[in-house]
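Here is the file model_23.cif (mmCIF, C-alpha atoms, pLDDT in the B column; chains and numbers go by the auth columns).
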data_final
#
loop_
_atom_site.group_PDB
_atom_site.id
_atom_site.type_symbol
_atom_site.label_atom_id
_atom_site.label_comp_id
_atom_site.label_asym_id
_atom_site.label_seq_id
_atom_site.Cartn_x
_atom_site.Cartn_y
_atom_site.Cartn_z
_atom_site.B_iso_or_equiv
_atom_site.auth_seq_id
_atom_site.auth_asym_id
ATOM 1 C CA MET A 1 3.303 -13.514 75.899 54.00 5 F
ATOM 2 C CA SER A 2 2.704 -10.573 73.592 78.00 6 F
ATOM 3 C CA HIS A 3 5.495 -8.542 75.222 76.00 7 F
ATOM 4 C CA PHE A 4 7.888 -11.427 74.687 77.00 8 F
ATOM 5 C CA LEU A 5 6.987 -11.699 71.011 81.00 9 F
ATOM 6 C CA ARG A 6 7.206 -7.951 70.486 83.00 10 F
ATOM 7 C CA ALA A 7 10.570 -7.821 72.223 81.00 11 F
ATOM 8 C CA TYR A 8 12.285 -10.665 70.409 81.00 12 F
ATOM 9 C CA ILE A 9 10.506 -10.952 67.063 84.00 13 F
ATOM 10 C CA LEU A 10 9.957 -7.261 66.364 86.00 14 F
ATOM 11 C CA ASN A 11 13.024 -6.101 68.313 83.00 15 F
ATOM 12 C CA ASP A 12 10.843 -3.704 70.348 86.00 16 F
ATOM 13 C CA GLN A 13 13.116 -2.136 72.975 87.00 17 F
ATOM 14 C CA ASP A 14 10.197 -0.923 75.121 87.00 18 F
ATOM 15 C CA ALA A 15 8.786 -4.447 75.346 84.00 19 F
ATOM 16 C CA LEU A 16 12.232 -5.825 76.170 82.00 20 F
ATOM 17 C CA GLU A 17 12.627 -3.254 78.938 83.00 21 F
ATOM 18 C CA TYR A 18 9.201 -4.211 80.286 82.00 22 F
ATOM 19 C CA ILE A 19 10.116 -7.901 80.365 77.00 23 F
ATOM 20 C CA ASN A 20 13.418 -7.261 82.122 76.00 24 F
ATOM 21 C CA THR A 21 12.040 -4.870 84.741 79.00 25 F
ATOM 22 C CA VAL A 22 8.456 -5.970 85.404 77.00 26 F
ATOM 23 C CA GLY A 23 8.332 -9.616 84.317 69.00 27 F
ATOM 24 C CA ASP A 24 9.698 -11.147 87.504 67.00 28 F
ATOM 25 C CA GLN A 25 7.590 -8.852 89.709 74.00 29 F
ATOM 26 C CA ARG A 26 4.273 -9.925 88.164 73.00 30 F
ATOM 27 C CA ASP A 27 4.862 -13.673 87.825 71.00 31 F
ATOM 28 C CA GLU A 28 6.621 -15.851 90.394 76.00 32 F
ATOM 29 C CA ASN A 29 7.534 -18.308 87.607 75.00 33 F
ATOM 30 C CA VAL A 30 9.662 -15.668 85.857 66.00 34 F
ATOM 31 C CA THR A 31 13.238 -14.955 86.845 71.00 35 F
ATOM 32 C CA VAL A 32 15.161 -12.232 85.078 68.00 36 F
ATOM 33 C CA THR A 33 18.931 -12.588 84.909 72.00 37 F
ATOM 34 C CA ASN A 34 21.174 -10.311 82.918 68.00 38 F
ATOM 35 C CA THR A 35 24.346 -11.676 81.403 72.00 39 F
ATOM 36 C CA ALA A 36 26.770 -10.075 79.020 70.00 40 F
ATOM 37 C CA LYS A 37 26.831 -11.610 75.578 70.00 41 F
ATOM 38 C CA ILE A 38 30.175 -12.861 74.389 69.00 42 F
ATOM 39 C CA PRO A 39 30.705 -11.642 70.844 67.00 43 F
ATOM 40 C CA GLU A 40 31.301 -14.348 68.308 71.00 44 F
ATOM 41 C CA PRO A 41 34.287 -13.998 66.016 70.00 45 F
ATOM 42 C CA SER A 42 33.349 -12.489 62.721 78.00 46 F
ATOM 43 C CA TYR A 43 33.847 -13.987 59.298 78.00 47 F
ATOM 44 C CA PHE A 44 36.665 -11.530 58.574 79.00 48 F
ATOM 45 C CA THR A 45 38.522 -12.455 61.766 81.00 49 F
ATOM 46 C CA GLY A 46 38.516 -16.099 60.683 81.00 50 F
ATOM 47 C CA LEU A 47 39.544 -15.194 57.166 82.00 51 F
ATOM 48 C CA PHE A 48 42.413 -13.090 58.518 85.00 52 F
ATOM 49 C CA ALA A 49 43.600 -15.930 60.766 84.00 53 F
ATOM 50 C CA VAL A 50 43.543 -18.458 57.932 84.00 54 F
ATOM 51 C CA SER A 51 45.366 -16.048 55.606 85.00 55 F
ATOM 52 C CA LEU A 52 48.011 -15.368 58.230 84.00 56 F
ATOM 53 C CA LEU A 53 48.492 -19.092 58.765 83.00 57 F
ATOM 54 C CA ALA A 54 48.840 -19.683 55.013 82.00 58 F
ATOM 55 C CA LEU A 55 51.402 -16.904 54.690 79.00 59 F
ATOM 56 C CA SER A 56 53.424 -18.199 57.616 79.00 60 F
ATOM 57 C CA GLN A 57 53.486 -21.676 56.047 75.00 61 F
ATOM 58 C CA ARG A 58 54.831 -20.154 52.849 73.00 62 F
ATOM 59 C CA PHE A 59 57.754 -18.364 54.523 72.00 63 F
ATOM 60 C CA ILE A 60 58.615 -20.887 57.219 68.00 64 F
ATOM 61 C CA LYS A 61 59.879 -24.190 55.914 62.00 65 F
ATOM 62 C CA TRP A 62 59.306 -27.158 58.181 55.00 66 F
#
Will you turn the file into structure tokens for me?
Amino acid sequence: MSHFLRAYILNDQDALEYINTVGDQRDENVTVTNTAKIPEPSYFTGLFAVSLLALSQRFIKW
């Protein structure tokens, strides 16, 4: 458990590497799967989209 806490609470890269490489070899209840994280849109991307929408509403009359 201490490696897990060090990896995720303290952002310890060595502990994270240990969990991902050794964790499933030492405990049959542990399965390590690696997936790519999908980046979430940033605040500025949303702000840009809303601004663009507002500008298009101003110049295009419905």
Which value, in Å to one decimal, gives the distance between CA of Leu20 in chain F and CA of Lys41 in chain F?
15.7 Å
Interatomic distance, CA of Tyr22 in chain F to CA of His7 in chain F (Å, one decimal)
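A separation of 7.6 Å between them.
For the set F:Ser60, F:Ser6, F:Thr37, F:Thr49, the residue with the smallest atom-to-atom gap to Thr25 in chain F is F:Thr37, counting all atoms listed in the file.
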Tell me which of F:Leu56, F:Tyr47, F:Phe8, F:Asn33 sits closest to Glu21 in chain F, counting all atoms listed in the file.
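When distances to Glu21 in chain F are compared using all atoms listed in the file, the smallest one comes from F:Phe8.
Between CA of Leu9 in chain F and CA of Ser46 in chain F there is a distance of 27.6 Å.
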Dump of chain F from preceding block, C-alpha atoms, as a PDB file, in the first residue's frame:
ATOM      1  CA  MET F   5       0.000   0.000   0.000  1.00  0.00           C
ATOM      2  CA  SER F   6       2.851   2.394   0.689  1.00  0.00           C
ATOM      3  CA  HIS F   7       4.015   2.279  -2.945  1.00  0.00           C
ATOM      4  CA  PHE F   8       0.510   3.152  -4.081  1.00  0.00           C
ATOM      5  CA  LEU F   9       0.325   6.134  -1.741  1.00  0.00           C
ATOM      6  CA  ARG F  10       3.790   7.339  -2.697  1.00  0.00           C
ATOM      7  CA  ALA F  11       2.977   7.010  -6.382  1.00  0.00           C
ATOM      8  CA  TYR F  12      -0.351   8.810  -6.419  1.00  0.00           C
ATOM      9  CA  ILE F  13      -0.263  11.164  -3.437  1.00  0.00           C
ATOM     10  CA  LEU F  14       3.374  12.236  -3.634  1.00  0.00           C
ATOM     11  CA  ASN F  15       3.643  11.782  -7.411  1.00  0.00           C
ATOM     12  CA  ASP F  16       6.702   9.531  -6.938  1.00  0.00           C
ATOM     13  CA  GLN F  17       7.640   8.236 -10.398  1.00  0.00           C
ATOM     14  CA  ASP F  18       9.807   5.410  -9.013  1.00  0.00           C
ATOM     15  CA  ALA F  19       6.904   4.080  -6.948  1.00  0.00           C
ATOM     16  CA  LEU F  20       4.582   4.356  -9.947  1.00  0.00           C
ATOM     17  CA  GLU F  21       7.057   2.414 -12.075  1.00  0.00           C
ATOM     18  CA  TYR F  22       7.273  -0.242  -9.360  1.00  0.00           C
ATOM     19  CA  ILE F  23       3.490  -0.612  -9.236  1.00  0.00           C
ATOM     20  CA  ASN F  24       3.183  -0.893 -13.008  1.00  0.00           C
ATOM     21  CA  THR F  25       6.023  -3.383 -13.473  1.00  0.00           C
ATOM     22  CA  VAL F  26       6.113  -5.496 -10.307  1.00  0.00           C
ATOM     23  CA  GLY F  27       2.627  -5.175  -8.814  1.00  0.00           C
ATOM     24  CA  ASP F  28       0.929  -7.848 -10.895  1.00  0.00           C
ATOM     25  CA  GLN F  29       3.878 -10.244 -10.528  1.00  0.00           C
ATOM     26  CA  ARG F  30       3.791 -10.236  -6.716  1.00  0.00           C
ATOM     27  CA  ASP F  31       0.029 -10.354  -6.123  1.00  0.00           C
ATOM     28  CA  GLU F  32      -2.437 -12.429  -8.134  1.00  0.00           C
ATOM     29  CA  ASN F  33      -5.205  -9.968  -7.176  1.00  0.00           C
ATOM     30  CA  VAL F  34      -3.447  -7.133  -9.027  1.00  0.00           C
ATOM     31  CA  THR F  35      -3.811  -6.599 -12.749  1.00  0.00           C
ATOM     32  CA  VAL F  36      -1.912  -3.809 -14.435  1.00  0.00           C
ATOM     33  CA  THR F  37      -3.415  -2.329 -17.584  1.00  0.00           C
ATOM     34  CA  ASN F  38      -2.049   0.707 -19.344  1.00  0.00           C
ATOM     35  CA  THR F  39      -4.403   3.023 -21.165  1.00  0.00           C
ATOM     36  CA  ALA F  40      -3.757   6.367 -22.751  1.00  0.00           C
ATOM     37  CA  LYS F  41      -5.425   9.271 -21.022  1.00  0.00           C
ATOM     38  CA  ILE F  42      -7.704  11.373 -23.155  1.00  0.00           C
ATOM     39  CA  PRO F  43      -6.905  15.017 -22.511  1.00  0.00           C
ATOM     40  CA  GLU F  44      -9.799  17.089 -21.311  1.00  0.00           C
ATOM     41  CA  PRO F  45     -10.509  20.342 -23.103  1.00  0.00           C
ATOM     42  CA  SER F  46      -8.969  23.267 -21.347  1.00  0.00           C
ATOM     43  CA  TYR F  47     -10.734  26.322 -20.018  1.00  0.00           C
ATOM     44  CA  PHE F  48      -9.304  28.442 -22.839  1.00  0.00           C
ATOM     45  CA  THR F  49     -10.576  26.048 -25.513  1.00  0.00           C
ATOM     46  CA  GLY F  50     -14.096  26.410 -24.124  1.00  0.00           C
ATOM     47  CA  LEU F  51     -13.746  30.157 -23.848  1.00  0.00           C
ATOM     48  CA  PHE F  52     -12.552  30.338 -27.458  1.00  0.00           C
ATOM     49  CA  ALA F  53     -15.491  28.232 -28.665  1.00  0.00           C
ATOM     50  CA  VAL F  54     -18.031  30.367 -26.819  1.00  0.00           C
ATOM     51  CA  SER F  55     -16.429  33.577 -28.111  1.00  0.00           C
ATOM     52  CA  LEU F  56     -16.450  32.269 -31.664  1.00  0.00           C
ATOM     53  CA  LEU F  57     -20.106  31.317 -31.333  1.00  0.00           C
ATOM     54  CA  ALA F  58     -20.982  34.772 -29.977  1.00  0.00           C
ATOM     55  CA  LEU F  59     -19.145  36.486 -32.819  1.00  0.00           C
ATOM     56  CA  SER F  60     -20.833  34.334 -35.434  1.00  0.00           C
ATOM     57  CA  GLN F  61     -24.243  35.192 -33.953  1.00  0.00           C
ATOM     58  CA  ARG F  62     -23.386  38.872 -34.244  1.00  0.00           C
ATOM     59  CA  PHE F  63     -22.489  38.724 -37.949  1.00  0.00           C
ATOM     60  CA  ILE F  64     -25.001  36.143 -39.132  1.00  0.00           C
ATOM     61  CA  LYS F  65     -28.600  37.233 -38.859  1.00  0.00           C
ATOM     62  CA  TRP F  66     -31.120  34.441 -38.496  1.00  0.00           C
TER      63      TRP F  66
END
